[in-house]
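This is entry_3.json. It holds JSON, C-alpha atoms and all ligand atoms.
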```
[["chain", "number", "residue", "atom", "x", "y", "z"],
["Q", 214, "MET", "CA", -5.24, -59.53, -18.31],
["Q", 215, "GLY", "CA", -5.80, -61.93, -15.43],
["Q", 216, "HIS", "CA", -9.43, -63.03, -15.29],
["Q", 217, "ILE", "CA", -9.70, -66.52, -13.78],
["Q", 218, "VAL", "CA", -12.73, -68.81, -13.84],
["Q", 219, "ILE", "CA", -12.56, -72.10, -11.94],
["Q", 220, "SER", "CA", -15.60, -74.28, -12.65],
["Q", 221, "GLY", "CA", -16.68, -77.56, -11.09],
["Q", 222, "LEU", "CA", -13.11, -78.39, -10.21],
["Q", 223, "ASN", "CA", -12.34, -81.68, -8.48],
["Q", 224, "LYS", "CA", -8.99, -83.13, -7.54],
["Q", 225, "GLN", "CA", -8.20, -86.56, -6.17],
["Q", 226, "PHE", "CA", -4.85, -88.08, -5.35],
["Q", 227, "VAL", "CA", -3.97, -91.74, -5.07],
["Q", 228, "ASN", "CA", -2.35, -92.34, -1.71],
["Q", 229, "ARG", "CA", 1.15, -93.70, -2.30],
["Q", 230, "ARG", "CA", 2.20, -93.62, 1.34],
["Q", 231, "LYS", "CA", 1.89, -96.77, 3.42],
["Q", 232, "ALA", "CA", 0.51, -96.38, 6.97],
["Q", 233, "ARG", "CA", 3.33, -96.82, 9.46],
["Q", 234, "ARG", "CA", 1.32, -98.35, 12.29],
["Q", 235, "GLU", "CA", -1.53, -100.84, 12.37],
["Q", 236, "ASP", "CA", -3.81, -98.26, 13.93],
["Q", 237, "ASP", "CA", -2.68, -95.42, 11.66],
["Q", 238, "SER", "CA", -5.89, -93.70, 10.64],
["Q", 239, "ASP", "CA", -4.38, -92.35, 7.39],
["Q", 240, "ASP", "CA", -6.03, -93.15, 4.08],
["Q", 241, "PRO", "CA", -5.19, -96.71, 2.98],
["Q", 242, "PHE", "CA", -2.40, -97.26, 0.46],
["Q", 243, "GLY", "CA", -3.63, -97.12, -3.12],
["Q", 244, "GLN", "CA", -6.91, -95.50, -2.18],
["Q", 245, "THR", "CA", -8.15, -92.45, -4.03],
["Q", 246, "VAL", "CA", -8.22, -89.44, -1.72],
["Q", 247, "PRO", "CA", -10.56, -86.59, -2.67],
["Q", 248, "VAL", "CA", -8.88, -83.25, -1.96],
["Q", 249, "LEU", "CA", -10.91, -80.56, -3.75],
["Q", 250, "GLU", "CA", -14.61, -80.98, -4.42],
["Q", 251, "ASP", "CA", -16.67, -78.93, -6.83],
["Q", 252, "ILE", "CA", -14.71, -75.70, -6.53],
["Q", 253, "ASN", "CA", -16.24, -72.73, -8.33],
["Q", 254, "ILE", "CA", -14.47, -69.38, -8.16],
["Q", 255, "GLU", "CA", -14.39, -66.37, -10.44],
["Q", 256, "ILE", "CA", -11.55, -63.90, -9.94],
["Q", 257, "GLU", "CA", -11.69, -60.52, -11.64],
["Q", 258, "ASP", "CA", -8.73, -59.06, -13.47],
["Q", 259, "GLY", "CA", -6.67, -57.10, -10.93],
["Q", 260, "GLU", "CA", -8.30, -58.64, -7.87],
["Q", 261, "MET", "CA", -6.28, -59.74, -4.84],
["Q", 262, "VAL", "CA", -7.82, -62.89, -3.38],
["Q", 263, "CYS", "CA", -6.65, -64.47, -0.12],
["Q", 264, "PHE", "CA", -7.18, -68.18, 0.51],
["Q", 265, "LEU", "CA", -7.53, -69.56, 4.03],
["Q", 266, "GLY", "CA", -8.16, -73.11, 5.18],
["Q", 267, "PRO", "CA", -6.90, -75.87, 7.45],
["Q", 268, "SER", "CA", -3.56, -77.48, 6.72],
["Q", 269, "GLY", "CA", -3.82, -80.18, 4.07],
["Q", 270, "CYS", "CA", -7.13, -78.93, 2.66],
["Q", 271, "GLY", "CA", -5.70, -78.41, -0.83],
["Q", 272, "LYS", "CA", -4.78, -74.71, -1.08],
["Q", 273, "SER", "CA", -1.36, -75.36, -2.62],
["Q", 274, "THR", "CA", -2.87, -78.03, -4.85],
["Q", 275, "LEU", "CA", -5.35, -75.49, -6.22],
["Q", 276, "MET", "CA", -2.56, -72.94, -6.79],
["Q", 277, "ARG", "CA", -0.52, -75.55, -8.67],
["Q", 278, "ILE", "CA", -3.52, -76.37, -10.85],
["Q", 279, "VAL", "CA", -4.16, -72.68, -11.65],
["Q", 280, "ALA", "CA", -0.46, -72.27, -12.53],
["Q", 281, "GLY", "CA", -0.69, -75.32, -14.78],
["Q", 282, "PHE", "CA", 1.85, -77.40, -12.82],
["Q", 283, "ASP", "CA", -0.73, -79.98, -11.84],
["Q", 284, "ARG", "CA", -3.89, -81.22, -13.52],
["Q", 285, "GLN", "CA", -7.35, -81.33, -12.02],
["Q", 286, "SER", "CA", -9.25, -84.65, -12.01],
["Q", 287, "SER", "CA", -12.29, -82.92, -13.52],
["Q", 288, "GLY", "CA", -13.66, -79.44, -14.08],
["Q", 289, "SER", "CA", -11.82, -76.55, -15.67],
["Q", 290, "VAL", "CA", -9.67, -73.48, -15.09],
["Q", 291, "MET", "CA", -9.97, -70.73, -17.68],
["Q", 292, "ILE", "CA", -7.72, -67.71, -17.80],
["Q", 293, "ASP", "CA", -8.96, -64.90, -20.00],
["Q", 294, "GLY", "CA", -11.23, -67.38, -21.73],
["Q", 295, "LYS", "CA", -8.52, -69.97, -22.44],
["Q", 296, "GLU", "CA", -8.38, -73.31, -20.69],
["Q", 297, "ILE", "CA", -5.20, -74.02, -18.72],
["Q", 298, "THR", "CA", -3.53, -77.20, -19.91],
["Q", 299, "GLY", "CA", 0.05, -76.65, -18.77],
["Q", 300, "PRO", "CA", 2.47, -74.13, -17.24],
["Q", 301, "SER", "CA", 2.70, -70.75, -18.89],
["Q", 302, "SER", "CA", 5.50, -68.43, -17.88],
["Q", 303, "ASP", "CA", 4.04, -65.63, -20.03],
["Q", 304, "ASN", "CA", 1.20, -64.61, -17.80],
["Q", 305, "ILE", "CA", 1.57, -66.40, -14.47],
["Q", 306, "PHE", "CA", 4.35, -66.22, -11.97],
["Q", 307, "VAL", "CA", 4.48, -68.39, -8.89],
["Q", 308, "PHE", "CA", 6.26, -66.58, -6.11],
["Q", 309, "GLN", "CA", 8.12, -69.00, -3.89],
["Q", 310, "HIS", "CA", 10.70, -68.50, -1.25],
["Q", 311, "SER", "CA", 14.20, -69.72, -1.86],
["Q", 312, "GLY", "CA", 13.42, -68.99, -5.47],
["Q", 313, "LEU", "CA", 16.65, -67.03, -5.99],
["Q", 314, "LEU", "CA", 19.73, -68.66, -7.47],
["Q", 315, "PRO", "CA", 22.42, -68.56, -4.77],
["Q", 316, "TRP", "CA", 25.33, -68.09, -7.17],
["Q", 317, "MET", "CA", 23.80, -64.96, -8.71],
["Q", 318, "THR", "CA", 23.62, -61.45, -7.28],
["Q", 319, "VAL", "CA", 20.36, -59.61, -6.65],
["Q", 320, "SER", "CA", 20.67, -57.84, -10.03],
["Q", 321, "GLN", "CA", 21.45, -61.04, -11.88],
["Q", 322, "ASN", "CA", 18.53, -62.82, -10.23],
["Q", 323, "VAL", "CA", 16.15, -60.03, -11.20],
["Q", 324, "GLU", "CA", 17.62, -60.02, -14.72],
["Q", 325, "LEU", "CA", 16.71, -63.71, -15.12],
["Q", 326, "GLY", "CA", 13.08, -62.79, -15.69],
["Q", 327, "ILE", "CA", 13.90, -60.47, -18.59],
["Q", 328, "ARG", "CA", 17.06, -62.08, -19.94],
["Q", 329, "HIS", "CA", 15.62, -62.18, -23.47],
["Q", 330, "MET", "CA", 15.12, -58.42, -23.60],
["Q", 331, "GLU", "CA", 17.37, -57.15, -26.38],
["Q", 332, "ASP", "CA", 17.81, -53.49, -25.54],
["Q", 333, "LYS", "CA", 20.56, -53.53, -22.88],
["Q", 334, "HIS", "CA", 19.83, -50.00, -21.62],
["Q", 335, "GLU", "CA", 16.15, -50.73, -21.26],
["Q", 336, "LYS", "CA", 16.99, -54.00, -19.50],
["Q", 337, "CYS", "CA", 19.31, -52.28, -16.99],
["Q", 338, "ALA", "CA", 16.73, -49.56, -16.33],
["Q", 339, "LYS", "CA", 14.03, -52.16, -15.70],
["Q", 340, "ILE", "CA", 16.23, -54.12, -13.29],
["Q", 341, "GLN", "CA", 17.00, -50.92, -11.39],
["Q", 342, "GLU", "CA", 13.36, -49.83, -11.38],
["Q", 343, "TYR", "CA", 12.21, -53.05, -9.71],
["Q", 344, "ILE", "CA", 15.13, -53.17, -7.28],
["Q", 345, "GLU", "CA", 14.17, -49.66, -6.20],
["Q", 346, "MET", "CA", 10.49, -50.59, -6.00],
["Q", 347, "VAL", "CA", 11.31, -53.16, -3.32],
["Q", 348, "GLU", "CA", 13.80, -50.78, -1.65],
["Q", 349, "LEU", "CA", 16.92, -52.82, -2.27],
["Q", 350, "GLU", "CA", 19.04, -50.12, -3.91],
["Q", 351, "GLY", "CA", 22.62, -50.48, -2.73],
["Q", 352, "PHE", "CA", 22.28, -54.30, -2.56],
["Q", 353, "GLU", "CA", 22.38, -54.96, -6.31],
["Q", 354, "ASP", "CA", 25.68, -56.82, -6.10],
["Q", 355, "HIS", "CA", 24.92, -58.79, -2.97],
["Q", 356, "TYR", "CA", 24.43, -62.53, -3.12],
["Q", 357, "PRO", "CA", 21.33, -64.11, -1.52],
["Q", 358, "HIS", "CA", 23.32, -65.41, 1.48],
["Q", 359, "GLN", "CA", 24.32, -61.81, 2.25],
["Q", 360, "LEU", "CA", 20.69, -60.67, 2.65],
["Q", 361, "SER", "CA", 18.34, -60.84, 5.63],
["Q", 362, "GLY", "CA", 15.11, -62.88, 5.44],
["Q", 363, "GLY", "CA", 13.01, -59.81, 4.66],
["Q", 364, "MET", "CA", 15.44, -58.57, 2.02],
["Q", 365, "LEU", "CA", 15.41, -62.00, 0.39],
["Q", 366, "ARG", "CA", 11.62, -61.90, 0.08],
["Q", 367, "ARG", "CA", 11.88, -58.40, -1.40],
["Q", 368, "ALA", "CA", 14.43, -59.58, -3.95],
["Q", 369, "GLU", "CA", 12.15, -62.52, -4.78],
["Q", 370, "LEU", "CA", 9.29, -60.08, -5.24],
["Q", 371, "ALA", "CA", 11.37, -57.91, -7.60],
["Q", 372, "ARG", "CA", 12.24, -61.00, -9.58],
["Q", 373, "ALA", "CA", 8.56, -61.91, -9.87],
["Q", 374, "LEU", "CA", 7.36, -58.42, -10.77],
["Q", 375, "VAL", "CA", 9.99, -57.58, -13.39],
["Q", 376, "ILE", "CA", 8.45, -60.25, -15.62],
["Q", 377, "ASN", "CA", 5.25, -58.20, -15.49],
["Q", 378, "PRO", "CA", 2.98, -61.22, -15.19],
["Q", 379, "ASP", "CA", -0.81, -60.80, -15.34],
["Q", 380, "ILE", "CA", -1.21, -63.16, -12.41],
["Q", 381, "LEU", "CA", 0.95, -63.58, -9.35],
["Q", 382, "ILE", "CA", 0.46, -66.63, -7.15],
["Q", 383, "MET", "CA", 1.92, -66.40, -3.65],
["Q", 384, "ASP", "CA", 1.78, -69.50, -1.46],
["Q", 385, "GLU", "CA", 2.47, -68.45, 2.14],
["Q", 386, "PRO", "CA", 4.78, -65.59, 1.10],
["Q", 387, "PHE", "CA", 5.44, -64.37, 4.64],
["Q", 388, "SER", "CA", 6.12, -67.68, 6.37],
["Q", 389, "GLY", "CA", 9.23, -67.75, 8.52],
["Q", 390, "LEU", "CA", 9.58, -63.97, 8.71],
["Q", 391, "ASP", "CA", 9.74, -62.10, 12.01],
["Q", 392, "PHE", "CA", 6.60, -60.22, 13.02],
["Q", 393, "LEU", "CA", 7.71, -56.71, 11.99],
["Q", 394, "THR", "CA", 9.17, -57.79, 8.65],
["Q", 395, "HIS", "CA", 5.95, -59.68, 7.97],
["Q", 396, "MET", "CA", 3.87, -56.54, 8.71],
["Q", 397, "LYS", "CA", 6.09, -54.34, 6.56],
["Q", 398, "LEU", "CA", 6.20, -56.68, 3.61],
["Q", 399, "ARG", "CA", 2.45, -57.17, 3.81],
["Q", 400, "GLU", "CA", 1.99, -53.42, 3.59],
["Q", 401, "GLU", "CA", 4.33, -53.32, 0.62],
["Q", 402, "VAL", "CA", 2.37, -56.00, -1.20],
["Q", 403, "VAL", "CA", -0.83, -53.97, -0.64],
["Q", 404, "ASN", "CA", 0.86, -50.82, -2.00],
["Q", 405, "MET", "CA", 2.33, -52.73, -4.90],
["Q", 406, "HIS", "CA", -1.07, -54.19, -5.71],
["Q", 407, "GLN", "CA", -2.72, -50.77, -5.66],
["Q", 408, "PHE", "CA", 0.03, -49.41, -7.89],
["Q", 409, "LEU", "CA", 0.39, -52.27, -10.39],
["Q", 410, "GLY", "CA", -3.14, -53.73, -10.32],
["Q", 411, "LYS", "CA", -2.12, -57.35, -10.91],
["Q", 412, "THR", "CA", -4.36, -60.30, -10.19],
["Q", 413, "ILE", "CA", -2.86, -61.80, -7.04],
["Q", 414, "LEU", "CA", -3.73, -65.10, -5.37],
["Q", 415, "ILE", "CA", -2.33, -65.40, -1.86],
["Q", 416, "VAL", "CA", -2.46, -68.49, 0.33],
["Q", 417, "THR", "CA", -2.01, -67.67, 3.98],
["Q", 418, "HIS", "CA", -2.63, -69.15, 7.41],
["Q", 419, "ASP", "CA", -2.92, -65.68, 8.86],
["Q", 420, "ILE", "CA", -6.49, -64.40, 9.06],
["Q", 421, "ASP", "CA", -5.23, -60.84, 9.51],
["Q", 422, "ASP", "CA", -3.21, -61.08, 6.28],
["Q", 423, "ALA", "CA", -6.42, -61.88, 4.45],
["Q", 424, "LEU", "CA", -8.34, -59.07, 6.15],
["Q", 425, "VAL", "CA", -5.65, -56.44, 5.65],
["Q", 426, "MET", "CA", -4.77, -57.34, 2.07],
["Q", 427, "GLY", "CA", -7.61, -59.04, 0.27],
["Q", 428, "ASP", "CA", -10.21, -57.68, -2.11],
["Q", 429, "ARG", "CA", -11.81, -61.00, -1.30],
["Q", 430, "VAL", "CA", -11.33, -63.86, 1.11],
["Q", 431, "ILE", "CA", -12.07, -67.49, 0.33],
["Q", 432, "VAL", "CA", -12.17, -70.07, 3.13],
["Q", 433, "PHE", "CA", -11.90, -73.80, 2.47],
["Q", 434, "SER", "CA", -13.30, -76.54, 4.65],
["Q", 435, "ARG", "CA", -11.35, -79.62, 5.72],
["Q", 436, "ARG", "CA", -10.57, -82.20, 3.06],
["Q", 437, "PRO", "CA", -12.39, -83.01, 0.84],
["Q", 438, "SER", "CA", -12.47, -79.26, 0.58],
["Q", 439, "GLN", "CA", -15.37, -77.16, -0.43],
["Q", 440, "ILE", "CA", -15.70, -73.42, -0.25],
["Q", 441, "LYS", "CA", -17.08, -72.40, 3.14],
["Q", 442, "LEU", "CA", -16.95, -68.67, 2.55],
["Q", 443, "ASN", "CA", -16.36, -66.45, -0.47],
["Q", 444, "ARG", "CA", -16.64, -62.87, 0.73],
["Q", 445, "LYS", "CA", -15.80, -59.57, -0.94],
["Q", 446, "LEU", "CA", -13.85, -57.22, 1.33],
["Q", 447, "ASP", "CA", -15.08, -53.76, 0.43],
["Q", 448, "PHE", "CA", -13.13, -51.92, 3.11],
["Q", 449, "PRO", "CA", -10.83, -49.00, 2.43],
["Q", 450, "HIS", "CA", -7.07, -49.30, 3.10],
["Q", 451, "PRO", "CA", -5.38, -49.12, 5.55],
["Q", 452, "ARG", "CA", -7.67, -51.51, 7.42],
["Q", 453, "ASN", "CA", -7.99, -51.54, 11.16],
["Q", 454, "PHE", "CA", -9.67, -54.61, 12.57],
["Q", 455, "PHE", "CA", -8.88, -53.69, 16.16],
["Q", 456, "LYS", "CA", -11.73, -51.16, 16.27],
["Q", 457, "LYS", "CA", -14.44, -53.09, 18.09],
["Q", 458, "ASP", "CA", -17.92, -53.52, 16.67],
["Q", 459, "THR", "CA", -16.91, -52.68, 13.12],
["Q", 460, "GLU", "CA", -17.91, -54.99, 10.30],
["Q", 461, "LEU", "CA", -14.24, -55.91, 9.79],
["Q", 462, "ALA", "CA", -13.78, -56.86, 13.48],
["Q", 463, "LYS", "CA", -16.95, -58.99, 13.34],
["Q", 464, "LEU", "CA", -15.77, -60.72, 10.18],
["Q", 465, "ARG", "CA", -12.43, -61.40, 11.88],
["Q", 466, "ASP", "CA", -14.20, -63.16, 14.78],
["Q", 467, "GLU", "CA", -16.31, -65.10, 12.28],
["Q", 468, "LEU", "CA", -13.19, -66.28, 10.41],
["Q", 469, "PHE", "CA", -11.51, -67.43, 13.64],
["Q", 470, "PHE", "CA", -14.59, -69.49, 14.57],
["Q", 471, "MET", "CA", -14.84, -70.84, 11.06],
["Q", 472, "LEU", "CA", -11.25, -72.08, 11.24],
["Q", 473, "GLY", "CA", -11.79, -73.74, 14.60],
["Q", 474, "VAL", "CA", -10.52, -71.14, 17.08],
["Q", 475, "ASN", "CA", -13.12, -70.30, 19.72],
["Q", 476, "TYR", "CA", -11.87, -66.90, 20.69],
["Q", 477, "ALA", "CA", -10.16, -64.38, 18.45],
["Q", 478, "VAL", "CA", -6.90, -62.97, 19.79],
["Q", 501, "LIG", "N1", 1.44, -85.28, -5.18],
["Q", 501, "LIG", "C1", 0.61, -85.71, -4.22],
["Q", 501, "LIG", "N2", 0.31, -87.02, -4.09],
["Q", 501, "LIG", "C2", -0.56, -87.45, -3.16],
["Q", 501, "LIG", "N3", -1.19, -86.63, -2.29],
["Q", 501, "LIG", "C3", -0.91, -85.32, -2.37],
["Q", 501, "LIG", "C4", -0.01, -84.78, -3.32],
["Q", 501, "LIG", "N4", 0.06, -83.42, -3.16],
["Q", 501, "LIG", "C5", -0.77, -83.15, -2.12],
["Q", 501, "LIG", "N5", -1.36, -84.27, -1.66],
["Q", 501, "LIG", "C6", -2.33, -84.36, -0.58],
["Q", 501, "LIG", "O1", -3.37, -83.44, -0.87],
["Q", 501, "LIG", "C7", -3.80, -82.78, 0.30],
["Q", 501, "LIG", "C8", -3.71, -81.27, 0.11],
["Q", 501, "LIG", "O2", -2.34, -80.87, 0.05],
["Q", 501, "LIG", "P1", -1.92, -79.35, -0.11],
["Q", 501, "LIG", "O3", -0.44, -79.29, -0.10],
["Q", 501, "LIG", "O4", -2.61, -78.78, -1.30],
["Q", 501, "LIG", "O5", -2.54, -78.72, 1.22],
["Q", 501, "LIG", "P2", -2.46, -77.23, 1.78],
["Q", 501, "LIG", "O6", -3.88, -76.77, 1.99],
["Q", 501, "LIG", "O7", -1.59, -76.39, 0.91],
["Q", 501, "LIG", "O8", -1.78, -77.47, 3.21],
["Q", 501, "LIG", "P3", -0.77, -76.53, 4.03],
["Q", 501, "LIG", "O9", -1.64, -75.44, 4.58],
["Q", 501, "LIG", "O10", -0.27, -77.44, 5.11],
["Q", 501, "LIG", "O11", 0.29, -76.05, 3.11],
["Q", 501, "LIG", "C9", -2.94, -83.30, 1.45],
["Q", 501, "LIG", "O12", -3.66, -84.31, 2.10],
["Q", 501, "LIG", "C10", -1.75, -83.91, 0.76],
["Q", 501, "LIG", "O13", -1.25, -85.00, 1.47],
["Q", 502, "MG", "MG", 0.26, -75.46, 1.19]]
```
Just give me the structure as structure tokens.
Ligand SMILES: Nc1ncnc2c1ncn2[C@@H]1O[C@H](COP(=O)(O)OP(=O)(O)OP(=O)(O)O)[C@@H](O)[C@H]1O
Ligand SMILES: [Mg+2]
Amino acid sequence: MGHIVISGLNKQFVNRRKARREDDSDDPFGQTVPVLEDINIEIEDGEMVCFLGPSGCGKSTLMRIVAGFDRQSSGSVMIDGKEITGPSSDNIFVFQHSGLLPWMTVSQNVELGIRHMEDKHEKCAKIQEYIEMVELEGFEDHYPHQLSGGMLRRAELARALVINPDILIMDEPFSGLDFLTHMKLREEVVNMHQFLGKTILIVTHDIDDALVMGDRVIVFSRRPSQIKLNRKLDFPHPRNFFKKDTELAKLRDELFFMLGVNYAV
């Protein structure tokens, strides 16, 4: 299960960085900086929610709090009715790039997630199943440095999925990939989501990622961040936002304006 309820959540940081110049307009040293303000979100089990917002608005901070790596200043995060008080590897997996161990092969990296599984045959079958799911068969014995950027992300995805977490958190999972690999991997995440039905939280800077993938899109304002938009995306897949005058194309324009771009490209 992966039902998440975030209620009245606030997060402040104390600025520990000294301004470098006299006229530096950064927050003064030692001052409390509000980052997230009264965030209320309910995410259904199996929902894929995409988070958009300006750089520095607190998206990664919120993901860290949901994963239990950081603590909110006030408010609560409940997962399946239980309050989050620390990291839990049982039900949440945070997908991050460069998450593979360089001295282990693809198979060994995937195995890490299920190393405690006792039945060796079952373990091998599982590793193979997930390697095939991300289309990396034939690369089982390759080391991370022998893979392309897109293959690395696929291997990272296999490593995340083999654990069978209820919730997958992906903070900018496609950053640094070339355009076509980004498109392909995005499509694979949509397929994987339809097939596995996990709760997925994706932070992205790409409005089209959110529109193509999300069951819902949430847009944050500048810091201190509040929710500017929380919209269900009830559009069938595959989604085409290039068709003019459709609701999806209009929403795309709206999101561009909301994020400070005056004309959608
Ligand atoms: N450990 C910390 N100590 C102090 N300030 C922090 C800390 N972590 C984050 N911040 C501040 O909180 C704000 C939000 O940071 P966060 O990384 O969550 O933003 P983001 O929305 O993920 O940005 P980006 O889109 O650039 O990744 C920033 O102003 C950042 O400087
Ligand atoms: Mg971030």
8 Å contact set for Q:Gln341, all atoms listed in the file, chain neighbours under 3 positions out, as a PDB file with C-alpha atoms, in the frame of the given file:
```pdb
ATOM      1  CA  SER Q 320      20.670 -57.840 -10.030  1.00  0.00           C
ATOM      2  CA  CYS Q 337      19.310 -52.280 -16.990  1.00  0.00           C
ATOM      3  CA  ALA Q 338      16.730 -49.560 -16.330  1.00  0.00           C
ATOM      4  CA  ILE Q 344      15.130 -53.170  -7.280  1.00  0.00           C
ATOM      5  CA  GLU Q 345      14.170 -49.660  -6.200  1.00  0.00           C
ATOM      6  CA  GLU Q 350      19.040 -50.120  -3.910  1.00  0.00           C
TER       7      GLU Q 350
END
```
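Checking Q:Gln439, Q:Lys295, Q:Glu331, Q:Ser311 one by one against Q:Pro386, counting all atoms listed in the file, you find the shortest gap at Q:Ser311.
Taking all atoms listed in the file into account, the residues that come within 12 Å of ligand MG 502 (chain Q) are Phe264, Leu265, Gly266, Pro267, Ser268, Gly269, Cys270, Gly271, Lys272, Ser273, Thr274, Leu275, Met276, Arg277, Gln309, Met383, Asp384, Glu385, Pro386, Ser388, Ile415, Val416, Thr417 and His418 of chain Q.
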Grab the residues selected above and save them as a PDB file, keeping the file's coordinate frame with C-alpha atoms.
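Writing the result to selection.pdb gives the following:
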```pdb
ATOM      1  CA  PHE Q 264      -7.180 -68.180   0.510  1.00  0.00           C
ATOM      2  CA  LEU Q 265      -7.530 -69.560   4.030  1.00  0.00           C
ATOM      3  CA  GLY Q 266      -8.160 -73.110   5.180  1.00  0.00           C
ATOM      4  CA  PRO Q 267      -6.900 -75.870   7.450  1.00  0.00           C
ATOM      5  CA  SER Q 268      -3.560 -77.480   6.720  1.00  0.00           C
ATOM      6  CA  GLY Q 269      -3.820 -80.180   4.070  1.00  0.00           C
ATOM      7  CA  CYS Q 270      -7.130 -78.930   2.660  1.00  0.00           C
ATOM      8  CA  GLY Q 271      -5.700 -78.410  -0.830  1.00  0.00           C
ATOM      9  CA  LYS Q 272      -4.780 -74.710  -1.080  1.00  0.00           C
ATOM     10  CA  SER Q 273      -1.360 -75.360  -2.620  1.00  0.00           C
ATOM     11  CA  THR Q 274      -2.870 -78.030  -4.850  1.00  0.00           C
ATOM     12  CA  LEU Q 275      -5.350 -75.490  -6.220  1.00  0.00           C
ATOM     13  CA  MET Q 276      -2.560 -72.940  -6.790  1.00  0.00           C
ATOM     14  CA  ARG Q 277      -0.520 -75.550  -8.670  1.00  0.00           C
ATOM     15  CA  GLN Q 309       8.120 -69.000  -3.890  1.00  0.00           C
ATOM     16  CA  MET Q 383       1.920 -66.400  -3.650  1.00  0.00           C
ATOM     17  CA  ASP Q 384       1.780 -69.500  -1.460  1.00  0.00           C
ATOM     18  CA  GLU Q 385       2.470 -68.450   2.140  1.00  0.00           C
ATOM     19  CA  PRO Q 386       4.780 -65.590   1.100  1.00  0.00           C
ATOM     20  CA  SER Q 388       6.120 -67.680   6.370  1.00  0.00           C
ATOM     21  CA  ILE Q 415      -2.330 -65.400  -1.860  1.00  0.00           C
ATOM     22  CA  VAL Q 416      -2.460 -68.490   0.330  1.00  0.00           C
ATOM     23  CA  THR Q 417      -2.010 -67.670   3.980  1.00  0.00           C
ATOM     24  CA  HIS Q 418      -2.630 -69.150   7.410  1.00  0.00           C
TER      25      HIS Q 418
END
```
Please list as a PDB file with C-alpha atoms, keeping the file's coordinate frame every residue within 10 Å of stretch 389-406 of chain Q, counting all atoms listed in the file and excluding residues in the same chain fewer than 6 positions away.
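File produced: part.pdb:
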```pdb
ATOM      1  CA  GLY Q 259      -6.670 -57.100 -10.930  1.00  0.00           C
ATOM      2  CA  GLU Q 260      -8.300 -58.640  -7.870  1.00  0.00           C
ATOM      3  CA  MET Q 261      -6.280 -59.740  -4.840  1.00  0.00           C
ATOM      4  CA  HIS Q 310      10.700 -68.500  -1.250  1.00  0.00           C
ATOM      5  CA  MET Q 346      10.490 -50.590  -6.000  1.00  0.00           C
ATOM      6  CA  VAL Q 347      11.310 -53.160  -3.320  1.00  0.00           C
ATOM      7  CA  SER Q 361      18.340 -60.840   5.630  1.00  0.00           C
ATOM      8  CA  GLY Q 362      15.110 -62.880   5.440  1.00  0.00           C
ATOM      9  CA  GLY Q 363      13.010 -59.810   4.660  1.00  0.00           C
ATOM     10  CA  MET Q 364      15.440 -58.570   2.020  1.00  0.00           C
ATOM     11  CA  ARG Q 366      11.620 -61.900   0.080  1.00  0.00           C
ATOM     12  CA  ARG Q 367      11.880 -58.400  -1.400  1.00  0.00           C
ATOM     13  CA  LEU Q 370       9.290 -60.080  -5.240  1.00  0.00           C
ATOM     14  CA  LEU Q 374       7.360 -58.420 -10.770  1.00  0.00           C
ATOM     15  CA  THR Q 412      -4.360 -60.300 -10.190  1.00  0.00           C
ATOM     16  CA  ILE Q 413      -2.860 -61.800  -7.040  1.00  0.00           C
ATOM     17  CA  ASP Q 422      -3.210 -61.080   6.280  1.00  0.00           C
ATOM     18  CA  VAL Q 425      -5.650 -56.440   5.650  1.00  0.00           C
ATOM     19  CA  MET Q 426      -4.770 -57.340   2.070  1.00  0.00           C
ATOM     20  CA  GLY Q 427      -7.610 -59.040   0.270  1.00  0.00           C
ATOM     21  CA  HIS Q 450      -7.070 -49.300   3.100  1.00  0.00           C
ATOM     22  CA  PRO Q 451      -5.380 -49.120   5.550  1.00  0.00           C
TER      23      PRO Q 451
END
```
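Interatomic distance, atom CA of Q:Ala280 to atom CA of Q:Met471: 27.7 Å.
Of the listed residues Q:Lys457, Q:Arg435, Q:His334, Q:Arg328, the one whose atoms come nearest to ligand LIG 501 (chain Q) is Q:Arg435, with distances taken using all atoms listed in the file.
In this model, the gap between atom CA of Q:Ile297 and atom CA of Q:Arg230 comes to 29.0 Å.
Picture a line from atom CA of Q:Val323 to atom CA of Q:Ile217; it runs 26.8 Å.
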Could you work out an axis-aligned box for stretch 461-473 of chain Q, taking every atom the file lists and adding 6 Å on each side, and report centre and edge lengths in Å to one decimal, as AutoDock Vina command-line options?
```
--center_x -14.1 --center_y -64.8 --center_z 12.3 --size_x 17.7 --size_y 29.8 --size_z 17.0
```
At a cut-off of 7 Å, using only C-alpha atoms, what residues contact Q:Arg372? Leave out same-chain residues fewer than 4 positions from it and give the result as a PDB file with C-alpha atoms, in the coordinates of the input.
```
ATOM      1  CA  ASN Q 322      18.530 -62.820 -10.230  1.00  0.00           C
ATOM      2  CA  VAL Q 323      16.150 -60.030 -11.200  1.00  0.00           C
ATOM      3  CA  GLY Q 326      13.080 -62.790 -15.690  1.00  0.00           C
ATOM      4  CA  ALA Q 368      14.430 -59.580  -3.950  1.00  0.00           C
TER       5      ALA Q 368
END
```
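Proximity to ligand LIG 501 (chain Q) was assessed for Q:Pro378, Q:Gly312, Q:Gly281, Q:Pro437 counting all atoms listed in the file; the smallest distance is recorded for Q:Pro437.
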Point out the residue among Q:Arg465, Q:Arg436, Q:Arg429, Q:Arg452 with the least atom-to-atom distance to ligand LIG 501 (chain Q), counting all atoms listed in the file. Q:Arg436
Determine the nearest neighbour of ligand LIG 501 (chain Q) from the options Q:Met214, Q:Val248, Q:Leu442, Q:Ile219, counting all atoms listed in the file. Q:Val248
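Counting only C-alpha atoms and all ligand atoms, the residue from Q:Leu360, Q:Leu349, Q:Val319, Q:Val227 that sits nearest to ligand LIG 501 (chain Q) is Q:Val227.
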Shell around Q:Ala462 at 12 Å using only C-alpha atoms, local window under 3 positions removed, as a ChimeraX atom specification: /Q:420-421,424-425,448,452-459,465-469,477-478
